[in-house]
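Below is structure08.txt, holding compact mmCIF, C-alpha atoms.
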# COMPACT_ATOMS: atom_id res chain seq x y z
CA MET A 280 -98.14 122.90 21.37
CA LEU A 281 -96.67 120.93 18.48
CA SER A 282 -99.45 119.24 16.50
CA ALA A 283 -99.49 115.44 16.25
CA GLU A 284 -99.18 115.65 12.45
CA SER A 285 -96.12 117.88 12.64
CA ALA A 286 -94.57 115.78 15.42
CA ALA A 287 -94.68 112.71 13.18
CA VAL A 288 -92.97 114.61 10.36
CA ILE A 289 -90.34 116.12 12.66
CA ARG A 290 -89.56 112.71 14.14
CA ALA A 291 -89.09 111.23 10.68
CA THR A 292 -86.99 114.10 9.32
CA LEU A 293 -84.95 115.18 12.38
CA PRO A 294 -82.03 112.85 11.56
CA ALA A 295 -81.73 114.28 8.04
CA VAL A 296 -82.22 117.89 9.10
CA GLY A 297 -79.95 117.48 12.12
CA GLY A 298 -77.24 115.94 9.98
CA ALA A 299 -77.41 118.84 7.54
CA LEU A 300 -77.70 121.65 10.09
CA ASP A 301 -74.09 122.75 9.71
CA GLU A 302 -74.53 123.22 5.96
CA ILE A 303 -77.97 124.77 6.46
CA THR A 304 -76.71 127.36 8.95
CA THR A 305 -73.68 128.11 6.79
CA ARG A 306 -75.93 128.88 3.83
CA PHE A 307 -78.34 130.78 6.09
CA TYR A 308 -75.75 133.21 7.45
CA GLY A 309 -74.11 133.62 4.04
CA ALA A 310 -77.36 134.60 2.32
CA MET A 311 -78.65 136.77 5.16
CA PHE A 312 -75.46 138.79 5.50
CA ARG A 313 -75.22 139.14 1.72
CA ASP A 314 -78.69 140.67 1.52
CA ARG A 315 -78.79 142.34 4.95
CA PRO A 316 -75.21 143.47 5.68
CA GLU A 317 -76.49 145.95 8.26
CA LEU A 318 -77.05 143.01 10.63
CA LEU A 319 -73.29 142.63 10.91
CA ASP A 320 -73.13 146.19 12.23
CA GLY A 321 -73.58 145.78 15.97
CA MET A 322 -75.71 142.64 15.98
CA PHE A 323 -73.47 139.67 15.13
CA ASN A 324 -69.90 139.18 16.29
CA ARG A 325 -67.59 138.69 13.30
CA GLY A 326 -65.16 136.59 15.31
CA ASN A 327 -67.89 134.08 16.17
CA GLN A 328 -68.92 134.02 12.53
CA ALA A 329 -65.36 133.39 11.34
CA SER A 330 -64.76 130.60 13.87
CA GLY A 331 -68.10 128.92 13.17
CA ASP A 332 -69.15 129.15 16.81
CA GLN A 333 -72.33 131.10 16.06
CA ARG A 334 -73.32 128.66 13.33
CA ARG A 335 -72.84 125.64 15.59
CA ALA A 336 -74.72 127.30 18.45
CA LEU A 337 -77.72 128.02 16.20
CA ALA A 338 -77.71 124.45 14.90
CA GLY A 339 -77.58 123.07 18.44
CA SER A 340 -80.45 125.26 19.65
CA ILE A 341 -82.72 124.24 16.76
CA ALA A 342 -81.99 120.55 17.23
CA GLY A 343 -82.35 120.85 21.01
CA PHE A 344 -85.73 122.58 20.79
CA ALA A 345 -87.09 120.12 18.22
CA THR A 346 -85.94 117.18 20.34
CA ALA A 347 -87.65 118.65 23.40
CA LEU A 348 -90.91 119.03 21.48
CA LEU A 349 -90.80 115.39 20.40
CA ALA A 350 -90.40 114.31 24.02
CA ASP A 351 -93.25 116.58 25.09
CA PRO A 352 -95.30 118.57 22.52
CA ASP A 353 -96.07 121.15 25.22
CA ALA A 354 -92.41 121.50 26.18
CA ARG A 355 -90.73 124.84 26.61
CA PRO A 356 -87.15 123.94 27.61
CA ASP A 357 -86.56 126.69 30.13
CA ALA A 358 -82.77 126.50 30.36
CA LEU A 359 -82.29 126.64 26.59
CA LEU A 360 -84.85 129.40 26.01
CA ALA A 361 -83.76 131.54 28.96
CA ARG A 362 -80.12 131.50 27.87
CA ILE A 363 -80.97 132.46 24.28
CA ALA A 364 -83.45 135.16 25.35
CA HIS A 365 -80.92 136.85 27.62
CA LYS A 366 -78.27 136.77 24.87
CA HIS A 367 -80.77 138.25 22.41
CA ALA A 368 -81.83 141.01 24.79
CA ALA A 369 -78.20 141.87 25.46
CA VAL A 370 -77.64 142.61 21.76
CA GLY A 371 -81.00 144.30 21.13
CA VAL A 372 -82.91 141.68 19.13
CA THR A 373 -86.43 142.82 18.15
CA ASP A 374 -89.55 140.93 17.07
CA ASP A 375 -89.29 141.82 13.38
CA GLN A 376 -85.89 140.18 13.11
CA TYR A 377 -87.46 136.76 13.65
CA THR A 378 -89.26 137.20 10.33
CA ILE A 379 -85.96 138.00 8.61
CA VAL A 380 -84.30 134.95 10.16
CA HIS A 381 -87.24 132.77 9.12
CA LYS A 382 -86.96 133.82 5.49
CA TYR A 383 -83.26 133.01 5.18
CA LEU A 384 -83.26 129.94 7.40
CA PHE A 385 -86.03 128.23 5.49
CA GLY A 386 -84.47 129.25 2.21
CA ALA A 387 -81.29 127.52 3.36
CA ILE A 388 -83.20 124.40 4.39
CA ALA A 389 -84.87 124.17 0.99
CA GLU A 390 -81.58 124.81 -0.82
CA THR A 391 -79.71 122.20 1.20
CA LEU A 392 -82.29 119.39 1.28
CA GLY A 393 -83.88 120.02 -2.12
CA ASP A 394 -86.82 117.78 -3.04
CA ALA A 395 -86.85 116.24 0.44
CA VAL A 396 -88.50 119.46 1.65
CA THR A 397 -92.08 118.68 0.72
CA PRO A 398 -94.89 121.07 1.67
CA GLU A 399 -95.62 118.83 4.67
CA VAL A 400 -92.00 118.88 5.81
CA ALA A 401 -91.77 122.65 5.36
CA ALA A 402 -95.00 123.18 7.32
CA ALA A 403 -93.86 120.98 10.21
CA TRP A 404 -90.50 122.72 10.60
CA ASP A 405 -92.22 126.07 10.18
CA GLU A 406 -94.39 125.15 13.16
CA VAL A 407 -91.29 124.28 15.23
CA TYR A 408 -89.62 127.55 14.27
CA TRP A 409 -92.55 129.76 15.25
CA LEU A 410 -93.13 127.88 18.50
CA MET A 411 -89.53 128.60 19.42
CA ALA A 412 -89.63 132.17 18.10
CA GLY A 413 -92.89 132.89 19.92
CA ALA A 414 -91.51 131.60 23.20
CA LEU A 415 -88.37 133.73 22.78
CA ILE A 416 -90.28 136.85 21.76
CA GLY A 417 -92.40 136.61 24.90
CA ARG A 418 -89.39 136.09 27.14
CA GLU A 419 -87.44 138.91 25.54
CA ALA A 420 -90.37 141.31 25.93
CA ARG A 421 -90.42 140.58 29.66
CA LEU A 422 -86.66 141.03 29.91
CA TYR A 423 -86.84 144.44 28.23
CA GLN A 424 -89.73 145.43 30.49
CA ASP A 425 -87.87 144.31 33.63
CA ALA A 426 -84.80 146.25 32.49
CA GLY A 427 -86.90 149.38 31.93
CA VAL A 428 -85.87 149.74 28.28
CA GLU A 429 -87.70 149.63 24.97
CA PRO A 430 -87.11 146.51 22.86
CA GLY A 431 -83.80 146.85 21.08
CA ARG A 432 -82.99 150.18 22.80
CA THR A 433 -80.90 148.91 25.61
CA TRP A 434 -77.79 151.05 25.11
CA ARG A 435 -76.35 153.79 27.35
CA GLN A 436 -73.08 155.70 27.41
CA TRP A 437 -70.66 155.11 30.29
CA THR A 438 -67.46 156.94 31.21
CA VAL A 439 -64.30 155.04 32.11
CA VAL A 440 -63.29 156.50 35.49
CA GLU A 441 -60.45 154.04 36.09
CA ARG A 442 -58.45 151.53 34.09
CA ARG A 443 -56.47 148.93 36.01
CA THR A 444 -54.07 146.28 34.73
CA GLU A 445 -54.85 142.94 36.39
CA THR A 446 -52.43 140.62 34.57
CA ALA A 447 -50.35 140.77 31.39
CA ASP A 448 -53.45 140.17 29.27
CA VAL A 449 -56.35 141.30 31.52
CA VAL A 450 -57.52 144.83 32.32
CA SER A 451 -60.46 146.15 34.34
CA PHE A 452 -62.55 149.23 33.52
CA LEU A 453 -64.52 151.04 36.24
CA LEU A 454 -67.51 152.78 34.68
CA ARG A 455 -70.04 155.51 35.52
CA PRO A 456 -73.19 156.46 33.53
CA VAL A 457 -72.55 159.56 31.42
CA ASP A 458 -76.06 160.93 31.92
CA GLY A 459 -75.81 160.88 35.73
CA ARG A 460 -78.95 158.77 36.08
CA PRO A 461 -78.88 155.68 38.32
CA ALA A 462 -77.25 152.58 36.94
CA PRO A 463 -79.77 150.02 35.67
CA ARG A 464 -80.68 147.15 37.95
CA ALA A 465 -78.27 144.22 37.84
CA ARG A 466 -77.93 140.88 39.60
CA ALA A 467 -74.65 139.38 40.75
CA GLY A 468 -73.37 137.12 37.99
CA GLN A 469 -74.92 138.95 35.04
CA TYR A 470 -73.15 140.46 32.04
CA VAL A 471 -73.41 143.50 29.77
CA SER A 472 -72.76 143.89 26.06
CA VAL A 473 -70.07 146.38 25.06
CA ARG A 474 -70.60 147.96 21.63
CA VAL A 475 -67.60 149.56 19.92
CA LEU A 476 -66.87 151.13 16.54
CA MET A 477 -64.14 149.30 14.67
CA PRO A 478 -61.63 151.02 12.34
CA ASP A 479 -63.56 149.86 9.25
CA GLY A 480 -66.70 151.69 10.45
CA VAL A 481 -68.59 148.57 11.60
CA HIS A 482 -69.87 148.25 15.16
CA GLN A 483 -68.97 145.06 17.00
CA LEU A 484 -70.03 143.86 20.41
CA ARG A 485 -69.04 141.39 23.09
CA GLN A 486 -70.46 140.36 26.46
CA TYR A 487 -68.49 140.89 29.68
CA SER A 488 -69.53 139.88 33.19
CA LEU A 489 -69.90 142.51 35.87
CA SER A 490 -66.88 141.80 38.10
CA SER A 491 -67.89 144.08 40.99
CA ASP A 492 -70.89 144.36 43.29
CA PRO A 493 -73.77 145.21 40.92
CA ASP A 494 -75.58 147.26 43.56
CA ARG A 495 -72.96 150.01 43.34
CA GLU A 496 -73.41 153.05 41.10
CA LEU A 497 -70.03 152.34 39.54
CA ARG A 498 -69.84 149.16 37.48
CA ARG A 499 -66.75 147.20 36.50
CA ILE A 500 -65.93 144.87 33.62
CA THR A 501 -62.73 142.86 33.41
CA VAL A 502 -61.52 142.06 29.90
CA LYS A 503 -59.06 139.41 28.73
CA ARG A 504 -57.23 140.09 25.48
CA VAL A 505 -58.24 137.35 23.05
CA ALA A 506 -55.38 136.22 20.86
CA GLY A 507 -55.93 133.48 18.33
CA ASP A 508 -57.42 132.78 14.94
CA PRO A 509 -59.14 135.15 14.74
CA ASP A 510 -58.04 137.64 17.42
CA GLY A 511 -60.80 139.17 19.51
CA GLU A 512 -61.66 142.45 17.79
CA VAL A 513 -63.44 144.01 20.75
CA SER A 514 -61.06 142.87 23.48
CA ASN A 515 -58.00 144.05 21.56
CA LEU A 516 -59.56 147.45 20.87
CA LEU A 517 -60.44 147.87 24.55
CA HIS A 518 -56.91 146.93 25.60
CA ASP A 519 -55.14 149.09 23.03
CA GLN A 520 -57.30 152.21 22.84
CA VAL A 521 -59.55 152.72 25.88
CA ARG A 522 -58.17 154.82 28.73
CA GLU A 523 -59.61 156.85 31.60
CA GLY A 524 -62.06 159.47 30.36
CA ALA A 525 -63.14 157.45 27.32
CA GLU A 526 -66.79 156.59 26.77
CA LEU A 527 -68.13 153.09 26.19
CA THR A 528 -71.56 151.97 25.00
CA LEU A 529 -73.05 149.33 27.29
CA SER A 530 -76.31 147.42 27.26
CA ALA A 531 -78.48 146.93 30.31
CA PRO A 532 -77.35 143.87 32.34
CA PHE A 533 -78.71 140.48 31.31
CA GLY A 534 -77.90 136.82 31.92
CA ASP A 535 -79.89 133.95 33.42
CA VAL A 536 -77.12 132.76 35.76
CA PHE A 537 -77.15 135.02 38.80
CA LEU A 538 -77.33 134.91 42.56
CA ASP A 539 -80.91 134.24 43.65
CA GLY A 540 -82.39 135.71 46.79
CA PRO A 541 -80.79 138.01 49.33
CA ALA A 542 -77.06 137.94 49.95
CA ALA A 543 -77.87 136.95 53.53
CA GLY A 544 -79.28 133.56 52.45
CA THR A 545 -78.15 130.45 54.26
CA ASP A 546 -77.78 127.78 51.56
CA PRO A 547 -74.17 126.97 50.60
CA LEU A 548 -72.61 128.28 47.39
CA VAL A 549 -69.79 126.76 45.36
CA LEU A 550 -68.19 129.14 42.84
CA VAL A 551 -66.14 127.21 40.27
CA SER A 552 -64.12 128.93 37.55
CA ALA A 553 -61.08 128.81 35.31
CA GLY A 554 -59.22 131.62 33.58
CA ILE A 555 -61.30 134.72 32.93
CA GLY A 556 -64.34 132.77 34.14
CA CYS A 557 -63.47 134.21 37.56
CA THR A 558 -65.14 137.53 36.71
CA PRO A 559 -68.79 136.72 37.53
CA MET A 560 -67.59 134.89 40.64
CA THR A 561 -65.79 138.00 41.88
CA GLY A 562 -68.98 140.00 41.33
CA ILE A 563 -70.94 137.44 43.35
CA LEU A 564 -68.35 137.49 46.16
CA ALA A 565 -68.40 141.29 46.27
CA HIS A 566 -72.20 141.27 46.48
CA LEU A 567 -72.13 138.73 49.31
CA GLU A 568 -69.53 140.74 51.22
CA ALA A 569 -71.43 144.02 50.77
CA GLY A 570 -74.59 142.38 52.11
CA GLY A 571 -72.89 140.93 55.17
CA SER A 572 -73.64 137.37 54.09
CA THR A 573 -72.95 134.52 56.50
CA ARG A 574 -73.75 131.69 54.10
CA PRO A 575 -71.08 129.01 53.46
CA VAL A 576 -69.11 129.76 50.29
CA LEU A 577 -66.49 127.58 48.60
CA VAL A 578 -64.43 129.23 45.84
CA LEU A 579 -62.61 126.90 43.43
CA HIS A 580 -60.45 128.33 40.63
CA ALA A 581 -57.99 126.91 38.10
CA ASP A 582 -55.44 128.90 36.09
CA LEU A 583 -52.05 128.71 34.42
CA SER A 584 -50.20 130.39 37.29
CA PRO A 585 -50.79 132.93 40.09
CA ALA A 586 -49.51 135.66 37.77
CA ASP A 587 -52.17 134.72 35.19
CA HIS A 588 -54.98 134.60 37.75
CA ALA A 589 -56.94 137.83 37.29
CA LEU A 590 -58.47 139.37 40.44
CA ARG A 591 -56.59 136.83 42.58
CA ALA A 592 -55.72 139.20 45.45
CA GLU A 593 -59.23 140.67 45.45
CA THR A 594 -60.75 137.20 45.57
CA ARG A 595 -58.57 136.31 48.55
CA GLU A 596 -59.55 139.54 50.29
CA LEU A 597 -63.28 139.01 49.73
CA VAL A 598 -63.08 135.41 50.90
CA GLY A 599 -61.28 136.60 54.02
CA GLN A 600 -64.09 139.06 54.79
CA LEU A 601 -66.83 136.41 54.53
CA PRO A 602 -67.05 134.49 57.83
CA HIS A 603 -67.84 131.08 56.30
CA ALA A 604 -65.92 131.19 53.02
CA ARG A 605 -62.82 129.36 51.86
CA ALA A 606 -60.91 129.16 48.58
CA LEU A 607 -58.84 126.53 46.77
CA PHE A 608 -56.75 127.32 43.70
CA TRP A 609 -55.14 125.02 41.13
CA TYR A 610 -52.24 126.15 38.92
CA GLU A 611 -50.46 124.36 36.11
CA ARG A 612 -47.37 126.38 37.05
CA PRO A 613 -47.55 127.03 40.81
CA GLY A 614 -45.81 130.04 42.32
CA ALA A 615 -44.70 131.33 45.68
CA GLU A 616 -47.57 133.85 45.71
CA GLU A 617 -49.97 130.98 46.52
CA PRO A 618 -48.02 128.43 48.56
CA ASP A 619 -51.14 126.42 49.46
CA ALA A 620 -52.37 126.08 45.87
CA ARG A 621 -52.67 122.68 44.24
CA GLU A 622 -50.70 121.77 41.14
CA GLY A 623 -52.24 120.74 37.83
CA LEU A 624 -55.83 120.70 36.62
CA MET A 625 -58.78 121.03 38.97
CA ASN A 626 -59.52 117.78 40.78
CA LEU A 627 -62.41 117.78 43.24
CA SER A 628 -61.34 114.62 45.06
CA GLY A 629 -61.08 115.38 48.74
CA VAL A 630 -62.32 118.96 48.39
CA GLY A 631 -65.31 118.45 50.65
CA LEU A 632 -68.23 119.89 48.73
CA PRO A 633 -70.92 121.25 51.07
CA GLU A 634 -74.21 119.39 51.21
CA GLY A 635 -77.13 121.03 49.38
CA ALA A 636 -74.97 123.63 47.63
CA THR A 637 -75.82 125.56 44.50
CA VAL A 638 -72.88 125.53 42.09
CA PHE A 639 -71.98 128.36 39.71
CA LEU A 640 -69.64 127.27 36.91
CA CYS A 641 -67.79 129.46 34.41
CA GLY A 642 -64.75 128.94 32.20
CA PRO A 643 -63.66 127.30 28.94
CA LEU A 644 -66.08 124.62 27.71
CA PRO A 645 -63.69 121.65 28.11
CA PHE A 646 -63.07 122.74 31.70
CA MET A 647 -66.78 123.09 32.46
CA ARG A 648 -67.65 119.72 30.95
CA ASP A 649 -64.93 118.00 32.96
CA VAL A 650 -65.80 119.71 36.24
CA ARG A 651 -69.52 119.16 35.74
CA ALA A 652 -68.84 115.44 35.36
CA GLN A 653 -66.84 115.52 38.59
CA LEU A 654 -69.62 117.35 40.38
CA LEU A 655 -72.23 114.85 39.21
CA GLY A 656 -69.91 112.02 40.26
CA ALA A 657 -69.67 113.61 43.71
CA GLY A 658 -73.44 113.53 44.04
CA VAL A 659 -74.32 117.14 43.14
CA PRO A 660 -77.72 117.11 41.36
CA ALA A 661 -77.64 118.48 37.81
CA ARG A 662 -80.40 120.98 38.67
CA ARG A 663 -78.06 122.64 41.18
CA ILE A 664 -75.28 123.25 38.64
CA ARG A 665 -75.64 126.58 36.84
CA TYR A 666 -73.20 127.57 34.13
CA GLU A 667 -72.28 130.66 32.14
CA VAL A 668 -70.73 130.58 28.66
CA PHE A 669 -68.80 133.50 27.18
CA GLY A 670 -69.95 133.84 23.55
CA PRO A 671 -72.26 131.42 21.70
CA ASP A 672 -73.41 128.47 23.80
CA LEU A 673 -71.78 125.38 22.27
CA TRP A 674 -72.66 123.19 25.23
CA LEU A 675 -75.16 120.79 23.67
CA PRO A 676 -78.54 121.41 25.32
CA GLY A 677 -78.98 117.79 26.42
CA SER A 678 -75.69 117.72 28.28
CA ALA A 679 -76.50 120.71 30.45
CA ALA A 680 -79.85 119.56 31.74
Show me the file's structure as structure tokens.
Amino acid sequence: MLSAESAAVIRATLPAVGGALDEITTRFYGAMFRDRPELLDGMFNRGNQASGDQRRALAGSIAGFATALLADPDARPDALLARIAHKHAAVGVTDDQYTIVHKYLFGAIAETLGDAVTPEVAAAWDEVYWLMAGALIGREARLYQDAGVEPGRTWRQWTVVERRTETADVVSFLLRPVDGRPAPRARAGQYVSVRVLMPDGVHQLRQYSLSSDPDRELRRITVKRVAGDPDGEVSNLLHDQVREGAELTLSAPFGDVFLDGPAAGTDPLVLVSAGIGCTPMTGILAHLEAGGSTRPVLVLHADLSPADHALRAETRELVGQLPHARALFWYERPGAEEPDAREGLMNLSGVGLPEGATVFLCGPLPFMRDVRAQLLGAGVPARRIRYEVFGPDLWLPGSAA
């Protein structure tokens, strides 16, 4: 619980700290990686650092947690904490690293705000930090326990038994555990971290959704080549170098957005995606099909064209095998492969959303924000909309409530 004294200080200083968070987090990462370069080896993604995404995500989580505490000193914002805890577990964060982060974060606060950081201000923000850290440490310990792994030791070797080209810039890898032991438990919709050694000798990692039924011994990830500024280091290495017979290092599955309850449940599902956001949805569909589900399922997907739509034929096949499922696709450049598809961006007008449905949402952030607004406008309660973000979560905590 945040003390009344600290709450008063946080309320008075949140505008100043919030306004300076970008500079604070920039200084924080710069100093920490200067003194602890080993943290860049398999813990932090260099692409997210270069783009600023990780910095902005950290700033948003701090501001979001502090704001929640001011509204309710006993608050533990479940959605925010669960998402961060799963991301941390997927990269092997351990308790001692919170002490390292504290040292450099509070050094950056003092350096940025100078004399404004009085002992009282420092103590109040220290209290916020350790309330958040303590909540995350507890959650992460339970996640490691549930996954059957020691904290930070979540990695196993997997063999690529098949590589399949899905589109011009998407490939799938079918994987089997090298040690022959059973695959770790996974839920439909979850992701794994893939840890690879880059040419400069530094390990980098990235999260990829399981795109097949997670109850099978073989697991599948489907990877889109990331081209941009910067290019995706991990995705490009996987595309260019990994073939059948290669070994990959994968974490246990994590992720707080997954299919609840048995596949044979009766409540309707709406699976909404764009681009490579289709991957967790395909895993959910495969799980439903394998379990003989009869629940109503509506699949909505947007893409550039049918040729760019990864796992399109498989999605159609799975939908066809589910007795109460249907699919609608939107393409900016329609093609003869999908004559019934709609042209342009996803528009939910006239779609006929099922009453009482749970919605799973995955895709680029602008897409998810737009579709979420449409869903809310159509009367879907916010609590029934669950979303997954690839990479750091830049969806401001307040907007995803």
Q. If we count all atoms listed in the file, what is near Arg435 of chain A at a cut-off of 7 Å, once residues fewer than 3 positions away on the same chain are taken out, given as a list in words?
A. Thr528, Leu529 and Ser530 of chain A
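Distance annotation: of A:Leu579, A:Ala506, A:Val638, A:Ala467, the residue with the minimal separation from Arg591 of chain A is A:Leu579; atom set is all atoms listed in the file.
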Q: Kindly indicate which residue among A:Val598, A:Tyr470, A:Arg522, A:Ser491 lies nearest to Glu667 of chain A, using all atoms listed in the file for the distances.
A: A:Tyr470
Q. Could you work out how far atom CA of Ile363 of chain A lies from atom CA of His518 of chain A, giving the answer in Å with one decimal?
A. 28.1 Å
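Using only C-alpha atoms, every residue with an atom at most 12 Å from the point (-75.8, 119.6, 5.1) is listed here: Pro294, Ala295, Val296, Gly297, Gly298, Ala299, Leu300, Asp301, Glu302, Ile303, Thr304, Thr305, Arg306, Phe307, Ala338, Ala387, Ile388, Ala389, Glu390, Thr391, Leu392 and Gly393 of chain A.
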Shell of 7 Å around segment 448-452 of chain A, all atoms listed in the file, local chain residues under 5 positions omitted, as an mmCIF file with C-alpha atoms, in the frame of the given file:
data_model
loop_
_atom_site.group_PDB
_atom_site.id
_atom_site.type_symbol
_atom_site.label_atom_id
_atom_site.label_comp_id
_atom_site.auth_asym_id
_atom_site.auth_seq_id
_atom_site.Cartn_x
_atom_site.Cartn_y
_atom_site.Cartn_z
ATOM 1 C CA VAL A 439 -64.300 155.040 32.110
ATOM 2 C CA GLU A 441 -60.450 154.040 36.090
ATOM 3 C CA ARG A 442 -58.450 151.530 34.090
ATOM 4 C CA ARG A 443 -56.470 148.930 36.010
ATOM 5 C CA ARG A 499 -66.750 147.200 36.500
ATOM 6 C CA ILE A 500 -65.930 144.870 33.620
ATOM 7 C CA THR A 501 -62.730 142.860 33.410
ATOM 8 C CA VAL A 502 -61.520 142.060 29.900
ATOM 9 C CA LYS A 503 -59.060 139.410 28.730
ATOM 10 C CA ARG A 504 -57.230 140.090 25.480
ATOM 11 C CA ALA A 589 -56.940 137.830 37.290
#
